[in-house]
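Structure below is input-v8.txt: compact mmCIF, C-alpha atoms.
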```
# COMPACT_ATOMS: atom_id res chain seq x y z
CA MET A 577 -19.64 -50.04 -51.20
CA ALA A 578 -18.82 -52.64 -48.58
CA ALA A 579 -18.87 -52.36 -44.79
CA TYR A 580 -15.88 -53.75 -42.87
CA ASP A 581 -15.18 -54.30 -39.21
CA ALA A 582 -11.52 -53.36 -39.74
CA ILE A 583 -9.52 -51.57 -42.41
CA CYS A 584 -5.76 -52.03 -42.71
CA PHE A 585 -3.22 -50.06 -44.70
CA ASP A 586 0.31 -50.56 -45.92
CA LEU A 587 2.64 -47.58 -45.37
CA ASP A 588 5.38 -47.16 -48.00
CA ALA A 589 4.10 -46.18 -51.46
CA THR A 590 0.55 -46.53 -50.14
CA LEU A 591 -0.01 -43.89 -47.49
CA CYS A 592 3.28 -42.11 -48.05
CA GLU A 593 6.18 -41.71 -50.42
CA SER A 594 9.73 -40.50 -50.01
CA THR A 595 10.47 -36.93 -51.05
CA GLN A 596 14.05 -37.97 -51.86
CA ASP A 597 14.66 -38.60 -55.55
CA PRO A 598 15.39 -42.35 -55.97
CA ALA A 599 17.95 -41.83 -58.75
CA THR A 600 19.82 -39.16 -56.77
CA LEU A 601 19.74 -41.32 -53.65
CA LEU A 602 21.24 -44.26 -55.53
CA GLU A 603 23.83 -42.08 -57.27
CA SER A 604 24.97 -40.70 -53.91
CA THR A 605 25.19 -44.24 -52.54
CA PHE A 606 27.56 -45.40 -55.27
CA GLU A 607 29.61 -42.22 -55.07
CA ARG A 608 30.07 -42.46 -51.29
CA ALA A 609 30.94 -46.17 -51.52
CA GLY A 610 33.45 -45.54 -54.34
CA TYR A 611 31.86 -47.83 -56.93
CA GLU A 612 30.63 -47.27 -60.45
CA PRO A 613 26.83 -47.51 -60.69
CA PHE A 614 25.57 -50.85 -61.99
CA CYS A 615 21.82 -50.62 -61.32
CA THR A 616 18.84 -48.28 -61.35
CA PRO A 617 15.99 -47.75 -58.85
CA ALA A 618 13.84 -49.94 -61.12
CA ASP A 619 16.41 -52.75 -60.83
CA LEU A 620 16.18 -52.53 -57.04
CA ARG A 621 12.39 -52.80 -57.10
CA THR A 622 12.54 -55.79 -59.44
CA VAL A 623 14.52 -58.02 -57.07
CA VAL A 624 12.60 -57.24 -53.86
CA PRO A 625 10.05 -60.10 -54.19
CA ASP A 626 12.86 -62.66 -54.40
CA LEU A 627 14.90 -61.50 -51.39
CA PRO A 628 15.33 -63.70 -48.31
CA THR A 629 13.85 -62.55 -45.02
CA ALA A 630 15.98 -59.93 -43.26
CA GLU A 631 16.19 -59.35 -39.52
CA THR A 632 17.18 -55.66 -39.84
CA ASP A 633 17.07 -52.78 -42.33
CA ARG A 634 20.83 -53.17 -42.85
CA GLU A 635 20.45 -56.85 -43.66
CA PHE A 636 17.59 -56.09 -46.06
CA TYR A 637 19.73 -53.67 -48.07
CA GLU A 638 22.66 -56.07 -48.05
CA HIS A 639 20.36 -58.70 -49.58
CA LEU A 640 19.06 -56.08 -52.02
CA PHE A 641 22.46 -54.99 -53.32
CA THR A 642 23.73 -58.57 -53.37
CA ALA A 643 20.85 -59.52 -55.66
CA VAL A 644 21.26 -56.60 -58.07
CA ALA A 645 25.03 -57.05 -58.15
CA ASP A 646 24.61 -60.72 -58.99
CA ARG A 647 22.20 -59.90 -61.81
CA ALA A 648 24.60 -57.28 -63.14
CA GLY A 649 27.57 -59.66 -63.04
CA VAL A 650 29.29 -57.59 -60.35
CA ASP A 651 31.22 -58.97 -57.36
CA THR A 652 28.63 -59.26 -54.58
CA ASP A 653 31.24 -58.27 -52.00
CA VAL A 654 30.22 -54.66 -52.74
CA ALA A 655 26.84 -55.19 -51.06
CA PRO A 656 27.75 -54.39 -47.40
CA ALA A 657 29.38 -51.06 -48.30
CA LEU A 658 26.51 -50.06 -50.57
CA ALA A 659 23.93 -51.01 -47.95
CA ALA A 660 25.70 -48.90 -45.32
CA GLU A 661 25.94 -45.85 -47.57
CA TYR A 662 22.36 -46.17 -48.77
CA LEU A 663 21.12 -46.12 -45.19
CA ALA A 664 23.42 -43.17 -44.47
CA VAL A 665 21.90 -40.99 -47.19
CA GLN A 666 18.33 -42.21 -46.79
CA ASP A 667 16.18 -40.03 -44.53
CA PRO A 668 13.10 -41.84 -43.14
CA THR A 669 11.57 -38.50 -42.13
CA ALA A 670 11.68 -37.19 -45.72
CA VAL A 671 8.19 -38.43 -46.54
CA ASP A 672 4.90 -36.95 -47.62
CA PHE A 673 1.36 -38.26 -47.98
CA ARG A 674 0.35 -39.78 -51.27
CA PRO A 675 -2.61 -38.03 -52.92
CA GLY A 676 -5.79 -38.75 -50.99
CA ALA A 677 -4.05 -40.58 -48.14
CA LYS A 678 -5.05 -38.27 -45.28
CA ALA A 679 -8.67 -38.21 -46.42
CA ALA A 680 -8.64 -42.01 -46.87
CA LEU A 681 -7.46 -42.50 -43.28
CA GLU A 682 -10.18 -40.21 -41.95
CA HIS A 683 -12.82 -41.97 -44.04
CA ALA A 684 -11.55 -45.38 -42.90
CA ARG A 685 -11.80 -44.28 -39.28
CA ASP A 686 -15.41 -43.25 -39.84
CA ARG A 687 -16.34 -46.40 -41.77
CA SER A 688 -14.50 -49.05 -39.75
CA ARG A 689 -16.73 -50.68 -37.15
CA VAL A 690 -13.88 -51.88 -34.94
CA GLY A 691 -10.53 -50.39 -35.79
CA LEU A 692 -7.83 -49.18 -38.09
CA GLY A 693 -4.66 -51.18 -38.69
CA LEU A 694 -1.22 -50.58 -40.17
CA ILE A 695 0.64 -53.57 -41.64
CA THR A 696 4.04 -52.56 -42.98
CA ASN A 697 7.09 -54.42 -44.28
CA GLY A 698 9.50 -52.35 -42.26
CA GLY A 699 11.10 -52.28 -38.84
CA ARG A 700 9.48 -50.48 -35.92
CA LYS A 701 12.18 -47.82 -35.50
CA THR A 702 12.36 -46.67 -39.13
CA GLN A 703 8.64 -46.86 -39.82
CA THR A 704 7.74 -45.05 -36.61
CA ARG A 705 9.93 -42.13 -37.67
CA LYS A 706 7.93 -41.93 -40.90
CA LEU A 707 4.63 -42.03 -39.02
CA GLN A 708 5.83 -39.28 -36.68
CA ALA A 709 6.95 -37.12 -39.61
CA LEU A 710 3.49 -37.52 -41.13
CA GLY A 711 1.75 -36.81 -37.84
CA ILE A 712 -0.10 -40.14 -37.77
CA ALA A 713 1.87 -42.10 -35.18
CA ASP A 714 -1.29 -42.45 -33.08
CA ALA A 715 -3.76 -42.81 -35.94
CA PHE A 716 -3.96 -46.61 -35.80
CA ASP A 717 -5.47 -49.00 -33.28
CA VAL A 718 -2.93 -51.66 -34.29
CA ARG A 719 0.49 -51.22 -35.87
CA VAL A 720 2.30 -54.31 -37.15
CA PHE A 721 5.97 -54.00 -38.10
CA THR A 722 8.28 -56.62 -39.53
CA ASP A 723 10.03 -58.46 -36.70
CA PRO A 724 11.35 -61.90 -37.75
CA SER A 725 12.81 -62.47 -34.28
CA ALA A 726 9.22 -62.41 -32.97
CA GLY A 727 7.90 -64.54 -35.82
CA ILE A 728 6.45 -61.61 -37.77
CA HIS A 729 7.92 -62.07 -41.23
CA PRO A 730 7.29 -59.62 -44.08
CA LYS A 731 4.16 -59.75 -46.20
CA PRO A 732 3.05 -61.90 -48.00
CA SER A 733 3.63 -64.01 -44.90
CA ALA A 734 0.39 -64.64 -43.04
CA ALA A 735 1.98 -63.62 -39.73
CA PRO A 736 1.53 -59.82 -39.90
CA PHE A 737 -2.09 -60.18 -41.04
CA GLU A 738 -2.83 -62.72 -38.31
CA HIS A 739 -1.22 -60.45 -35.73
CA ALA A 740 -3.30 -57.44 -36.80
CA LEU A 741 -6.58 -59.34 -36.96
CA THR A 742 -5.99 -60.97 -33.58
CA ASP A 743 -5.30 -57.62 -31.90
CA LEU A 744 -8.36 -56.13 -33.59
CA SER A 745 -10.49 -59.20 -32.74
CA VAL A 746 -11.76 -59.30 -36.31
CA ALA A 747 -12.31 -62.25 -38.66
CA PRO A 748 -10.47 -62.15 -42.02
CA ASP A 749 -13.68 -61.98 -44.05
CA ALA A 750 -14.71 -58.83 -42.16
CA ALA A 751 -11.55 -56.90 -43.00
CA ILE A 752 -9.85 -55.26 -45.98
CA HIS A 753 -6.18 -54.48 -46.60
CA VAL A 754 -4.99 -51.64 -48.84
CA GLY A 755 -1.53 -51.70 -50.41
CA ASP A 756 0.57 -51.02 -53.48
CA SER A 757 2.35 -54.37 -53.84
CA LEU A 758 0.63 -57.22 -55.65
CA HIS A 759 3.31 -59.61 -54.36
CA ALA A 760 3.26 -58.55 -50.71
CA ASP A 761 -0.03 -56.80 -49.94
CA ILE A 762 -2.50 -58.39 -52.31
CA ALA A 763 -1.12 -61.93 -52.27
CA GLY A 764 -0.85 -61.86 -48.48
CA ALA A 765 -4.34 -60.48 -47.93
CA ASN A 766 -5.91 -62.84 -50.45
CA ALA A 767 -4.25 -65.87 -48.88
CA MET A 768 -5.60 -64.86 -45.47
CA GLY A 769 -9.14 -64.36 -46.75
CA LEU A 770 -9.23 -60.57 -46.44
CA ASP A 771 -10.63 -58.38 -49.19
CA SER A 772 -7.84 -56.43 -50.85
CA ALA A 773 -7.52 -53.05 -52.53
CA TRP A 774 -4.55 -52.56 -54.83
CA LEU A 775 -3.24 -49.03 -55.15
CA ASP A 776 -1.64 -48.93 -58.59
CA PRO A 777 1.90 -47.54 -58.08
CA GLY A 778 1.97 -46.37 -61.69
CA ARG A 779 5.20 -48.19 -62.44
CA GLU A 780 5.92 -50.18 -65.57
CA GLY A 781 5.68 -53.89 -64.90
CA ALA A 782 3.37 -53.48 -61.90
CA THR A 783 1.25 -56.47 -62.83
CA GLY A 784 1.03 -60.00 -61.53
CA GLU A 785 -1.00 -63.12 -60.97
CA HIS A 786 -2.64 -61.90 -57.77
CA GLU A 787 -6.09 -60.40 -58.29
CA PRO A 788 -7.22 -57.72 -55.83
CA THR A 789 -10.84 -57.28 -54.82
CA TYR A 790 -10.56 -53.64 -55.89
CA GLU A 791 -8.13 -51.58 -57.96
CA LEU A 792 -7.50 -47.92 -57.18
CA ALA A 793 -5.70 -45.40 -59.36
CA SER A 794 -5.15 -43.32 -56.21
CA LEU A 795 -6.41 -43.15 -52.65
CA GLU A 796 -8.64 -40.31 -53.75
CA ALA A 797 -10.94 -43.10 -54.98
CA PHE A 798 -10.92 -44.96 -51.65
CA GLU A 799 -14.32 -43.62 -50.62
CA THR A 800 -15.90 -45.36 -53.62
CA ILE A 801 -15.19 -48.85 -52.25
CA VAL A 802 -15.65 -48.52 -48.50
```

Show me the file's structure as structure tokens.
Amino acid sequence: MAAYDAICFDLDATLCESTQDPATLLESTFERAGYEPFCTPADLRTVVPDLPTAETDREFYEHLFTAVADRAGVDTDVAPALAAEYLAVQDPTAVDFRPGAKAALEHARDRSRVGLGLITNGGRKTQTRKLQALGIADAFDVRVFTDPSAGIHPKPSAAPFEHALTDLSVAPDAAIHVGDSLHADIAGANAMGLDSAWLDPGREGATGEHEPTYELASLEAFETIV
């Protein structure tokens, strides 16, 4: 077990998960927009690492549906309507803790010498609603949200990690970041010199070239590494 001055967590698919069924959510999106479905939730996840930086949630989903439409050979003009309907049926407050997440946060608070950080690839408004629904809006000493207009681009950009470490007054080699994305969380943390803990999302194809310091089947095992 290692001792760290600061412990940082990702939010989506790490500390929490949506209680809305992804397939039903996508089906409703296509139905409301008046288009025949041409992708699956897995298709959406596949294109995320290749998307350009978005300034807003709406722009992110426009990029997302543009990419999957292009791969499916569908006119990409459908993207704005699909993005709007997806956001209309998506409920940020419909979230629940992943197994072991509440206990992991409490353990991290006890074990961190300096502070607890949140580094999430999401906008402040949407992500704060999730934190409030979970009852952990005030659980972190530092919360870093995606804000390209302020120079905070999504992970794996160094910016959100730098921002968190600066506010915590902690050196990279004295901190660890926990997340579910090899592309965003692990690659970003590794590049910054933080230790990294990869929470296996249990999805097919969830492998990559980025090697985490630790691998966790669930956050119930978090106490074994910190």

Any chance you could tabulate, as a tab-separated table, the residues of region 592-690 of chain A at most 9 Å from region 782-799 of chain A with each one's nearest atom pair and distance in Å to one decimal, using all atoms listed in the file, in chain and rising number order?
```
residue	atom	partner	partner_atom	distance
A:Arg674	CA	A:Leu795	CA	7.7
A:Pro675	CA	A:Leu795	CA	6.4
A:Gly676	CA	A:Glu796	CA	4.3
A:Ala677	CA	A:Leu795	CA	5.7
A:Lys678	CA	A:Leu795	CA	8.9
A:Ala679	CA	A:Glu796	CA	7.6
A:Ala680	CA	A:Phe798	CA	6.1
A:His683	CA	A:Glu799	CA	6.9
A:Ala684	CA	A:Glu799	CA	8.4
```

Would you write out, as CSV, a table of all residues in region 642-716 of chain A that have an atom no more than 12 Å from an atom of region 746-770 of chain A, listing for each the closest atom pair and the distance in Å to one decimal, considering only C-alpha atoms and ordering rows by chain and rising residue number?
```
residue,atom,partner,partner_atom,distance
A:Arg674,CA,A:Asp756,CA,11.5
A:Ala677,CA,A:Val754,CA,11.1
A:Ala680,CA,A:Val754,CA,10.5
A:Leu681,CA,A:Val754,CA,11.0
A:Ala684,CA,A:Ile752,CA,10.5
A:Arg687,CA,A:Ala751,CA,11.6
A:Ser688,CA,A:Ala751,CA,9.0
A:Arg689,CA,A:Ala750,CA,9.8
A:Val690,CA,A:Val746,CA,7.8
A:Gly691,CA,A:Val746,CA,9.0
A:Leu692,CA,A:Ala751,CA,9.9
A:Gly693,CA,A:His753,CA,8.7
A:Leu694,CA,A:His753,CA,9.0
A:Ile695,CA,A:His753,CA,8.5
A:Thr696,CA,A:Asp761,CA,9.1
A:Asn697,CA,A:Ala760,CA,8.5
```

May I have the residues from that selection written out with C-alpha atoms, as a PDB file, in the coordinates of the input?
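Generated file (part-v3.pdb):
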```pdb
ATOM      1  CA  ARG A 674       0.350 -39.780 -51.270  1.00  0.00           C
ATOM      2  CA  ALA A 677      -4.050 -40.580 -48.140  1.00  0.00           C
ATOM      3  CA  ALA A 680      -8.640 -42.010 -46.870  1.00  0.00           C
ATOM      4  CA  LEU A 681      -7.460 -42.500 -43.280  1.00  0.00           C
ATOM      5  CA  ALA A 684     -11.550 -45.380 -42.900  1.00  0.00           C
ATOM      6  CA  ARG A 687     -16.340 -46.400 -41.770  1.00  0.00           C
ATOM      7  CA  SER A 688     -14.500 -49.050 -39.750  1.00  0.00           C
ATOM      8  CA  ARG A 689     -16.730 -50.680 -37.150  1.00  0.00           C
ATOM      9  CA  VAL A 690     -13.880 -51.880 -34.940  1.00  0.00           C
ATOM     10  CA  GLY A 691     -10.530 -50.390 -35.790  1.00  0.00           C
ATOM     11  CA  LEU A 692      -7.830 -49.180 -38.090  1.00  0.00           C
ATOM     12  CA  GLY A 693      -4.660 -51.180 -38.690  1.00  0.00           C
ATOM     13  CA  LEU A 694      -1.220 -50.580 -40.170  1.00  0.00           C
ATOM     14  CA  ILE A 695       0.640 -53.570 -41.640  1.00  0.00           C
ATOM     15  CA  THR A 696       4.040 -52.560 -42.980  1.00  0.00           C
ATOM     16  CA  ASN A 697       7.090 -54.420 -44.280  1.00  0.00           C
TER      17      ASN A 697
END
```

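Ranking A:Gln708, A:Ser594, A:Gln703, A:Thr605 by their shortest atom-to-atom distance to Leu658 (chain A), with all atoms listed in the file included, puts A:Thr605 first.
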
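For the choices A:Phe636, A:Tyr662, A:Phe641, A:Phe673, the atom-to-atom distance to Glu607 (chain A) is smallest for A:Tyr662 when using all atoms listed in the file.
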
Checklist line | Neighbour list for region 619-631 of chain A as a list in words, cut-off 9 Å, all atoms listed in the file, skip fewer than 2 positions in-chain | finding: Cys615, Thr616, Pro617, Asp633, Arg634, Glu635, Phe636, Tyr637, His639, Leu640, Phe641, Ala643, Val644, Gly699, Thr722, Asp723, Pro724, Ser725, His729, Pro730, His759, Ala760 and Gly781 of chain A

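When only C-alpha atoms are used to measure the gap to Arg719 (chain A), the shortest distance among A:Ile801, A:Ala660, A:Ala579, A:Cys584 belongs to A:Cys584.
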